>>> print(open('query-v1.cif').read())   # mmCIF, C-alpha atoms
data_model
#
loop_
_atom_site.label_atom_id
_atom_site.label_comp_id
_atom_site.auth_asym_id
_atom_site.auth_seq_id
_atom_site.Cartn_x
_atom_site.Cartn_y
_atom_site.Cartn_z
CA MET X 864 6.85 -33.15 -19.77
CA LYS X 865 7.86 -36.58 -18.50
CA TYR X 866 9.22 -35.09 -15.24
CA LYS X 867 6.13 -32.96 -14.75
CA LYS X 868 3.87 -36.04 -14.89
CA LEU X 869 6.19 -37.85 -12.52
CA SER X 870 6.17 -34.99 -10.02
CA VAL X 871 2.35 -34.83 -10.14
CA LEU X 872 2.22 -38.57 -9.49
CA PHE X 873 4.54 -38.22 -6.45
CA ALA X 874 2.45 -35.33 -5.14
CA VAL X 875 -0.74 -37.42 -5.38
CA LEU X 876 0.94 -40.39 -3.68
CA PHE X 877 2.25 -38.13 -0.92
CA LEU X 878 -1.20 -36.66 -0.25
CA PHE X 879 -2.73 -40.14 -0.23
CA SER X 880 -0.15 -41.33 2.31
CA ILE X 881 -0.96 -38.39 4.61
CA ILE X 882 -4.67 -39.14 4.44
CA THR X 883 -4.09 -42.86 5.05
CA VAL X 884 -1.71 -42.38 7.99
CA GLY X 885 -3.93 -39.77 9.62
CA SER X 886 -7.10 -41.88 9.54
CA ALA X 887 -8.02 -44.28 12.34
CA GLN X 888 -7.84 -47.96 11.46
CA ALA X 889 -10.52 -50.30 12.76
CA ALA X 890 -9.20 -53.12 14.93
CA THR X 891 -10.32 -55.82 17.32
CA LYS X 892 -8.77 -57.04 20.56
CA SER X 893 -9.63 -60.45 22.03
CA ILE X 894 -9.14 -60.96 25.76
CA SER X 895 -9.56 -64.32 27.50
CA LEU X 896 -11.56 -64.11 30.72
CA VAL X 897 -11.64 -66.71 33.47
CA SER X 898 -14.60 -67.30 35.74
CA GLY X 899 -14.16 -64.82 38.59
CA TRP X 900 -12.01 -61.69 38.72
CA ASN X 901 -10.07 -60.46 35.67
CA LEU X 902 -7.90 -57.33 35.58
CA ILE X 903 -7.84 -56.20 31.95
CA ASN X 904 -7.40 -53.23 29.65
CA SER X 905 -7.45 -52.54 25.94
CA PRO X 906 -5.42 -50.18 23.76
CA LEU X 907 -8.51 -49.59 21.60
CA THR X 908 -11.05 -46.81 21.79
CA PRO X 909 -14.22 -48.91 21.62
CA THR X 910 -16.64 -48.21 18.79
CA SER X 911 -19.30 -47.88 21.49
CA ALA X 912 -17.72 -47.32 24.90
CA THR X 913 -20.70 -48.06 27.15
CA VAL X 914 -20.01 -50.88 29.59
CA THR X 915 -22.96 -52.90 28.27
CA ASP X 916 -21.78 -52.56 24.65
CA VAL X 917 -18.14 -53.39 25.40
CA LEU X 918 -19.15 -56.46 27.43
CA ASN X 919 -21.98 -57.52 25.13
CA GLY X 920 -22.24 -61.31 25.03
CA ILE X 921 -20.22 -61.83 28.21
CA SER X 922 -21.87 -63.11 31.39
CA TYR X 923 -20.60 -61.00 34.29
CA VAL X 924 -21.56 -59.86 37.79
CA SER X 925 -19.78 -56.51 37.97
CA VAL X 926 -17.16 -54.23 36.42
CA TRP X 927 -14.94 -51.95 38.48
CA SER X 928 -12.35 -49.22 37.90
CA SER X 929 -10.74 -46.65 40.13
CA ASN X 930 -11.59 -43.01 39.62
CA ALA X 931 -9.05 -40.56 38.17
CA THR X 932 -7.59 -39.71 41.58
CA GLY X 933 -7.41 -43.33 42.73
CA GLN X 934 -9.36 -42.40 45.86
CA SER X 935 -12.64 -44.16 45.05
CA TRP X 936 -14.27 -46.74 42.81
CA ASN X 937 -16.46 -46.68 39.73
CA VAL X 938 -18.79 -49.66 39.54
CA TYR X 939 -21.25 -51.20 37.10
CA LEU X 940 -23.48 -54.08 38.26
CA ALA X 941 -25.00 -56.36 35.63
CA ASP X 942 -28.23 -56.76 37.63
CA GLY X 943 -29.14 -53.09 37.11
CA SER X 944 -28.61 -51.94 40.70
CA SER X 945 -25.47 -49.87 39.95
CA GLN X 946 -26.91 -46.48 40.90
CA ALA X 947 -28.34 -47.52 44.26
CA TYR X 948 -25.25 -49.56 45.21
CA ALA X 949 -22.81 -46.83 44.15
CA GLU X 950 -24.70 -44.15 46.10
CA SER X 951 -24.85 -46.31 49.23
CA LYS X 952 -21.06 -46.84 49.18
CA GLY X 953 -19.96 -43.39 47.99
CA PHE X 954 -18.85 -44.77 44.62
CA THR X 955 -19.56 -43.54 41.09
CA VAL X 956 -21.42 -45.51 38.43
CA LEU X 957 -19.06 -46.76 35.71
CA SER X 958 -20.73 -45.94 32.41
CA THR X 959 -17.94 -46.08 29.80
CA ILE X 960 -14.66 -47.86 29.19
CA SER X 961 -11.80 -45.91 27.62
CA ALA X 962 -8.66 -46.94 25.75
CA GLY X 963 -5.82 -47.81 28.12
CA GLU X 964 -8.04 -47.79 31.19
CA GLY X 965 -7.61 -50.78 33.49
CA PHE X 966 -10.75 -52.37 34.86
CA TRP X 967 -11.81 -55.40 36.86
CA VAL X 968 -14.43 -57.74 35.39
CA ASN X 969 -16.07 -60.28 37.69
CA ALA X 970 -17.04 -62.82 35.01
CA SER X 971 -19.75 -65.40 35.73
CA SER X 972 -18.00 -67.91 33.46
CA ALA X 973 -14.92 -68.19 31.26
CA ALA X 974 -15.31 -66.34 27.96
CA THR X 975 -13.49 -64.41 25.28
CA LEU X 976 -14.15 -60.68 25.30
CA THR X 977 -13.77 -59.09 21.87
CA ILE X 978 -13.46 -55.30 21.78
CA THR X 979 -13.91 -53.54 18.45
CA GLY X 980 -12.65 -50.01 17.97
CA THR X 981 -9.72 -47.91 16.84
CA TYR X 982 -6.28 -47.15 18.19
CA PRO X 983 -6.11 -43.65 19.67
CA THR X 984 -4.29 -41.15 17.47
CA SER X 985 -2.73 -39.56 20.54
CA SER X 986 -2.59 -40.42 24.20
CA THR X 987 -2.22 -38.57 27.44
CA LEU X 988 -1.25 -40.45 30.54
CA SER X 989 -2.23 -39.19 33.96
CA TYR X 990 -1.21 -40.70 37.26
CA ALA X 991 -2.85 -40.42 40.63
CA SER X 992 -0.49 -39.11 43.27
#
>>> encode(input="query-v1.cif", output="structure tokens")
Amino acid sequence: MKYKKLSVLFAVLFLFSIITVGSAQAATKSISLVSGWNLINSPLTPTSATVTDVLNGISYVSVWSSNATGQSWNVYLADGSSQAYAESKGFTVLSTISAGEGFWVNASSAATLTITGTYPTSSTLSYAS
């Protein structure tokens, strides 16, 4: 009987460890920005990935990233003119920021950017050729 209780206890602990390991853990990443251009990325999947939510509280002029093929730019302008500017230049409007994605932030002043999210459970890397 003693061994039966012990084996049940180990089974419960094993199942708990699987559930714990498989769940995403909340995390934060702080990134120091200087006034002007900053090339940054984050390993976190932001809780809310919209550019405005990720950069909430930061004073900036624009945010840029290259598209998946590396042939063009994605842009977000803080003054609200992103769509018109992007269309006039043949760019795409940057709407979200993803884990591992590099992006340029043209900060209006020095600040600390804090991104809240989770670490991806898996990752796929793709490279432009």
>>> closest_residue(input="query-v1.cif", among="X:Asp942, X:Asn937, X:Gly980, X:Gly963", to="X:Val924", atoms="all atoms listed in the file")
X:Asp942
>>> atom_distance(input="query-v1.cif", atom1="atom CA of X:Thr908", atom2="atom CA of X:Ser893")
13.7 Å
>>> residues_around(input="query-v1.cif", residues="X:Tyr939", least_positions_apart="6", cutoff="12 Å", atoms="all atoms listed in the file", output="PyMOL selection string")
chain X and resi 913-915+918+923-929+945-950+954-960+966-969
>>> closest_residue(input="query-v1.cif", among="X:Ala973, X:Ala931, X:Ile978, X:Val917", to="X:Leu896", atoms="all atoms listed in the file")
X:Ala973
>>> atom_distance(input="query-v1.cif", atom1="atom CA of X:Leu940", atom2="atom CA of X:Lys892")
23.2 Å
>>> residues_around(input="query-v1.cif", residues="stretch 888-890 of chain X", least_positions_apart="2", cutoff="8 Å", atoms="only C-alpha atoms", output="PyMOL selection string")
chain X and resi 886+892+907+979-982
>>> write_last_selection(input="query-v1.cif", atoms="C-alpha atoms", output="PDB file, keeping the file's coordinate frame")
ATOM      1  CA  SER X 886      -7.100 -41.880   9.540  1.00  0.00           C
ATOM      2  CA  LYS X 892      -8.770 -57.040  20.560  1.00  0.00           C
ATOM      3  CA  LEU X 907      -8.510 -49.590  21.600  1.00  0.00           C
ATOM      4  CA  THR X 979     -13.910 -53.540  18.450  1.00  0.00           C
ATOM      5  CA  GLY X 980     -12.650 -50.010  17.970  1.00  0.00           C
ATOM      6  CA  THR X 981      -9.720 -47.910  16.840  1.00  0.00           C
ATOM      7  CA  TYR X 982      -6.280 -47.150  18.190  1.00  0.00           C
TER       8      TYR X 982
END
>>> closest_residue(input="query-v1.cif", among="X:Val897, X:Ala970, X:Trp936, X:Thr977", to="X:Ser922", atoms="only C-alpha atoms")
X:Ala970
>>> atom_distance(input="query-v1.cif", atom1="atom CA of X:Ala974", atom2="atom CA of X:Trp900")
12.2 Å
>>> closest_residue(input="query-v1.cif", among="X:Thr984, X:Gly965, X:Ser971, X:Ser951", to="X:Ser898", atoms="all atoms listed in the file")
X:Ser971
>>> closest_residue(input="query-v1.cif", among="X:Ile894, X:Ala962, X:Val938, X:Leu902", to="X:Ile921", atoms="only C-alpha atoms")
X:Ile894
>>> axis_aligned_box(input="query-v1.cif", around="stretch 954-969 of chain X", padding_each_side="3 Å", output="JSON")
{"center_x": -13.6, "center_y": -51.9, "center_z": 35.2, "size_x": 21.6, "size_y": 22.7, "size_z": 24.9}
>>> closest_residue(input="query-v1.cif", among="X:Asn919, X:Ser911, X:Asn930, X:Ser944", to="X:Leu976", atoms="all atoms listed in the file")
X:Asn919
>>> decode(input="query-v1.cif", residues="stretch 973-987 of chain X", atoms="N, CA, C and O atoms", output="CSV table (one decimal), in the first residue's frame")
chain,number,residue,atom,x,y,z
X,973,ALA,N,15.5,60.0,-25.0
X,973,ALA,CA,16.0,58.8,-24.4
X,973,ALA,C,14.9,58.3,-23.5
X,973,ALA,O,14.1,59.0,-22.8
X,974,ALA,N,14.7,57.0,-23.4
X,974,ALA,CA,13.7,56.3,-22.6
X,974,ALA,C,14.0,54.9,-22.4
X,974,ALA,O,14.9,54.3,-23.0
X,975,THR,N,13.3,54.2,-21.5
X,975,THR,CA,13.3,52.8,-21.4
X,975,THR,C,12.1,52.2,-21.9
X,975,THR,O,11.0,52.5,-21.4
X,976,LEU,N,12.2,51.3,-22.9
X,976,LEU,CA,11.1,50.6,-23.4
X,976,LEU,C,10.9,49.3,-22.7
X,976,LEU,O,11.9,48.5,-22.5
X,977,THR,N,9.7,49.0,-22.1
X,977,THR,CA,9.5,47.8,-21.4
X,977,THR,C,8.4,47.0,-22.2
X,977,THR,O,7.3,47.5,-22.4
X,978,ILE,N,8.8,45.8,-22.6
X,978,ILE,CA,7.9,45.0,-23.4
X,978,ILE,C,7.4,43.8,-22.5
X,978,ILE,O,8.3,43.2,-21.8
X,979,THR,N,6.1,43.6,-22.4
X,979,THR,CA,5.6,42.6,-21.6
X,979,THR,C,5.0,41.5,-22.5
X,979,THR,O,4.3,41.8,-23.5
X,980,GLY,N,5.3,40.3,-22.2
X,980,GLY,CA,4.8,39.2,-23.0
X,980,GLY,C,5.2,37.8,-22.5
X,980,GLY,O,5.5,37.6,-21.3
X,981,THR,N,5.3,36.9,-23.5
X,981,THR,CA,5.8,35.5,-23.1
X,981,THR,C,6.9,35.1,-24.1
X,981,THR,O,6.9,35.6,-25.2
X,982,TYR,N,7.7,34.2,-23.7
X,982,TYR,CA,8.7,33.6,-24.6
X,982,TYR,C,8.0,32.6,-25.5
X,982,TYR,O,7.1,31.9,-25.1
X,983,PRO,N,8.3,32.7,-26.8
X,983,PRO,CA,7.6,31.7,-27.7
X,983,PRO,C,8.0,30.3,-27.3
X,983,PRO,O,9.0,30.0,-26.8
X,984,THR,N,7.0,29.4,-27.5
X,984,THR,CA,7.2,28.0,-27.2
X,984,THR,C,8.0,27.3,-28.3
X,984,THR,O,8.6,26.3,-28.1
X,985,SER,N,7.9,27.8,-29.5
X,985,SER,CA,8.8,27.3,-30.6
X,985,SER,C,9.1,28.5,-31.5
X,985,SER,O,8.4,29.5,-31.5
X,986,SER,N,10.1,28.3,-32.3
X,986,SER,CA,10.5,29.4,-33.2
X,986,SER,C,10.9,28.8,-34.5
X,986,SER,O,11.4,27.7,-34.6
X,987,THR,N,10.6,29.6,-35.6
X,987,THR,CA,11.0,29.3,-36.9
X,987,THR,C,11.8,30.5,-37.4
X,987,THR,O,11.3,31.6,-37.4
